[in-house]
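One structure below.
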Amino acid sequence: MQSEEYLVKQSIQGDTRAFEELVVQYHNKIYALAYRYMGNEEDAYDMAQEALIKAFRSLRSFKGNSSFSTWLYRVTTNVCLDELRRRKRRITPLSLDEPLATREGDEVEKEIADSSPGADILYEQKEFAQYIQELLNEMKPEHKTAIVLRDVMELSYEEIAEVLNCSMGTVKSRISRAREVLRKKISQRELLP
Amino acid sequence: MKCEQVRDMLSPYIDGMTSEKENKAISAHLENCSQCRQELEHLRSFCLALKNLSTPELPEGFAEDLRQRLVDEKTILFSPKKIKKPKKQGWIAASVAGVALAIGIYASSALPLAPMVASWQDKHKKADDNKPAVAINEIINRIYNGKEEKPKDVAQTPGETPKTTQATNKGNKGGPTDSKNVPPKTADNNKGTEAQETNVSTAKAITPKMADVFSTRLKVQNAGDSLKEVVQLAQSKGWNYEYGNSSTVVQALSGPGAGGLAIKVKESDVDKVIEALGGVGTASAPVHNQAELTEQYSEVEKQINSLQEKKQNLQQAECPDQAQISEVDQQLQNSLKQKAALDKDLQMVTVSILFVEDVNP
């Protein structure tokens with residue numbers, strides 16, 4: 001097996017086989033990441049492919065300051081968020097984690113009617129995952145990325161700071177806030193297993 | 001520490017992102033506060049649940065799809081860029097030619113050209129009897145006479161315009177102009193009757209000889225080593241190569257003294273060459289160009305003709321000088337070789353590589 005550095009160099013020269021070898025170990029992770037951002041398998045597939053093609057195209061910009069995997073997550077995150085932003089411009093759905101301003105100028109948390117079959121039903125793991133995914137889909141991008149990168153992908157705070165290109169302080173507060181928002185939603189439905 | 005402060009720090013606390021001082025304060029608080037302990041447990045189980053979320057499996061064919069897309073992407077990224085020529089050029093040329101023709105016809109029918117031409121010719125004749133003005137006279141004659149005038153007649157009487165012809169045509173102002181009969185070049189006046197005759201009667205349009213060239217700059221660490229590397233590469237692949245300063249095509253394009261290497265391949269192999277160069281250094285996107293070899297080609301052809309004639313003359317001599325014949329023969333062979341090389345240049349595509357050393361500051 002060739003070293004990562006060598007494969008990166010070869011890929012920059014246009015060697016597609018070298019690039020395939022370079023990224024094959026990340027296929028699953030990239031797909032999982034894209035799935036968490038996009039919320040469905042079809043979009044996740046397309047975005048994971050798109051992210052890897054974009055990585056091939058812009059490999060010259062990878063300077064080796066971060067690890068290759070972090071750089072790849074960054075490309076994937078950008079591709080997915082760009083796509084979500086593009087879609088949002090067309091349809092503006094109601095964001096559930098954004099406080100609703102009242103006439104008096106106060107802000108209240110939005111609450112939605114629970115359409116689930118009943119709070120006491122134990123959800124199977126898959127259903128729970130789907131349920132969390134639904135909530136993630138409704139979250140602001142900055143909260144969503146924080147939860148996904150930290151709690152789903154298990155990246156370190158340093159790596160998240162590199163992926164999101166922001167400071168450690170920002171990462172800390174975003175993760176904290178994102179967990180709080182998501183937990184509030186779940187506790188509202190009393191579904192936490 | 002207050003509960004509110006502690007709860008704000010629980011998230012980084014479970015991730016081990018709080019300082020030692022903070023850790024101590026949080027631990028101390030948790031020992032005495034059951035509510036915050038409960039909150040910590042909730043947060044931990046929440047994070048664990050997220051970590052164990054099931055993700056759908058990667059669909060089959062992901063790698064194959066990626067491979068195909070990469071190949072497509074590569075052809076876009078690394079394909080030679082052809083310089084587009086404006087499509088309207090032909091139309092512009094045609095309309096300019098049309099307008100010029102219309103003006104010509106109008107001028108010849110409306111302006112009193114004949115007396116002007118006659119007076120000019122008289123003046124010209126007196127001034128210089130020796131210098132034949134065949135081509136101009138001929139054109140003038142053609143304007144007035146139409147197609148009947150034979151070039152040979154004109155050629156036999158250099159410097160003299162048959163007055164009878166002119167006189168009879170004075171009234172014929174509206175005579176058709178026939179641009180086809182106008183020779184493409186004015187005859188070389190100093191070469192005598194015979195040369196003029198061939199010039200006038202046998203001059204034909206020269207088709208331009210263009211050779212396709214893709215030029216690329218190859219950024220490398222060491223130009224000398226990389227040149228050797230590319231030469232070895234060309235040898236192993238069986239590609240024809242020439243050093244840039246000896247390649248006619250490269251010279252025609254960049255002038256003599258151009259360095260580098262010229263690889264000659266079939267058009268379909270250009271991509272392969274560019275791809276292979278990627279292994280040596282960073283190749284810039286190839287620029288498509290055409291080198292005009294018309295002049296070189298006609299020069300060589302002319303040389304071959306004259307050498308063949310010379311050889312024939314020598315052979316027909318009463319006592320043929322064998323040494324001279326073989327010398328001429330040698331020259332002839334060289335010229336034929338040159339012509340063959342040019343033919344090859346015209347059929348093949350040349351990839352001209354200029355080695356540029358990537359110097360780190």
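By convention here, the chains of the structure tokens are called A, B, ... in the order presented, each chain's residues are numbered starting at 1, and ligands are numbered starting at 1 in the order presented.
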Interface residues on chain B facing chain A, 10 Å, only C-alpha atoms, written as an MDAnalysis selection string: chainID B and resid 7:12 15 17:18 42:43 45:59 62:71 73:75 77:78 275:283
Spatial neighbours of range 257-273 of chain B, max dist 9 Å, only C-alpha atoms, sep filter under 2 positions, as a JSON list (two decimals) with C-alpha atoms, in the first residue's frame:
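Listing of selection-v2.json after writing:
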```json
[["chain", "number", "residue", "atom", "x", "y", "z"],
["B", 75, "THR", "CA", -11.10, 14.16, -19.26],
["B", 78, "PHE", "CA", -6.84, 17.38, -18.26],
["B", 79, "SER", "CA", -8.06, 17.55, -21.88],
["B", 80, "PRO", "CA", -6.25, 19.87, -24.28],
["B", 212, "ASP", "CA", -1.19, 20.76, -35.48],
["B", 214, "PHE", "CA", -0.14, 21.28, -28.72],
["B", 223, "ALA", "CA", 15.00, 20.45, -16.59],
["B", 227, "LEU", "CA", 14.18, 15.94, -20.45],
["B", 230, "VAL", "CA", 10.64, 12.22, -21.14],
["B", 231, "VAL", "CA", 12.98, 10.97, -23.88],
["B", 234, "ALA", "CA", 8.95, 8.41, -25.54],
["B", 239, "TRP", "CA", 6.70, 7.80, -29.90],
["B", 240, "ASN", "CA", 8.73, 9.83, -32.36],
["B", 241, "TYR", "CA", 10.55, 12.68, -30.74],
["B", 242, "GLU", "CA", 12.82, 15.51, -31.75],
["B", 243, "TYR", "CA", 14.60, 18.09, -29.69],
["B", 244, "GLY", "CA", 12.70, 21.34, -29.80],
["B", 245, "ASN", "CA", 15.46, 23.28, -31.57],
["B", 246, "SER", "CA", 15.69, 20.70, -34.36],
["B", 247, "SER", "CA", 11.95, 20.34, -34.92],
["B", 249, "VAL", "CA", 7.27, 22.55, -36.48],
["B", 250, "VAL", "CA", 8.49, 24.04, -33.22],
["B", 251, "GLN", "CA", 10.78, 26.40, -35.12],
["B", 254, "SER", "CA", 8.37, 29.72, -31.83],
["B", 255, "GLY", "CA", 11.32, 30.62, -34.00],
["B", 275, "GLU", "CA", -1.17, 12.08, -19.13],
["B", 276, "ALA", "CA", 2.29, 10.49, -19.17],
["B", 277, "LEU", "CA", 3.91, 13.92, -18.72],
["B", 278, "GLY", "CA", 1.96, 14.23, -15.47],
["B", 344, "LYS", "CA", 5.05, 13.43, -41.35],
["B", 345, "ASP", "CA", 4.77, 16.71, -39.44],
["B", 347, "GLN", "CA", 0.04, 14.13, -40.76],
["B", 348, "MET", "CA", 0.98, 13.79, -37.11],
["B", 349, "VAL", "CA", 0.28, 16.05, -34.17],
["B", 350, "THR", "CA", 3.25, 17.56, -32.38],
["B", 351, "VAL", "CA", 3.27, 17.95, -28.62],
["B", 352, "SER", "CA", 5.81, 20.65, -27.89],
["B", 353, "ILE", "CA", 7.12, 20.50, -24.34],
["B", 354, "LEU", "CA", 8.94, 23.36, -22.72],
["B", 355, "PHE", "CA", 10.65, 22.44, -19.47]]
```
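Between CA of Val8 in chain A and CA of Gly61 in chain B lies a distance of 23.6 Å.
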What is the distance, in Å and to one decimal place, between CA of Pro286 in chain B and CA of Ser215 in chain B?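 Going from CA of Pro286 in chain B over to CA of Ser215 in chain B, I get 5.3 Å.
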List every residue of range 238-341 of chain B that DSSP, applied to the backbone of this structure, assigns to strand (DSSP E or B), and report them as a ChimeraX atom specification. /B:240-243,261-265,282-283,287-292
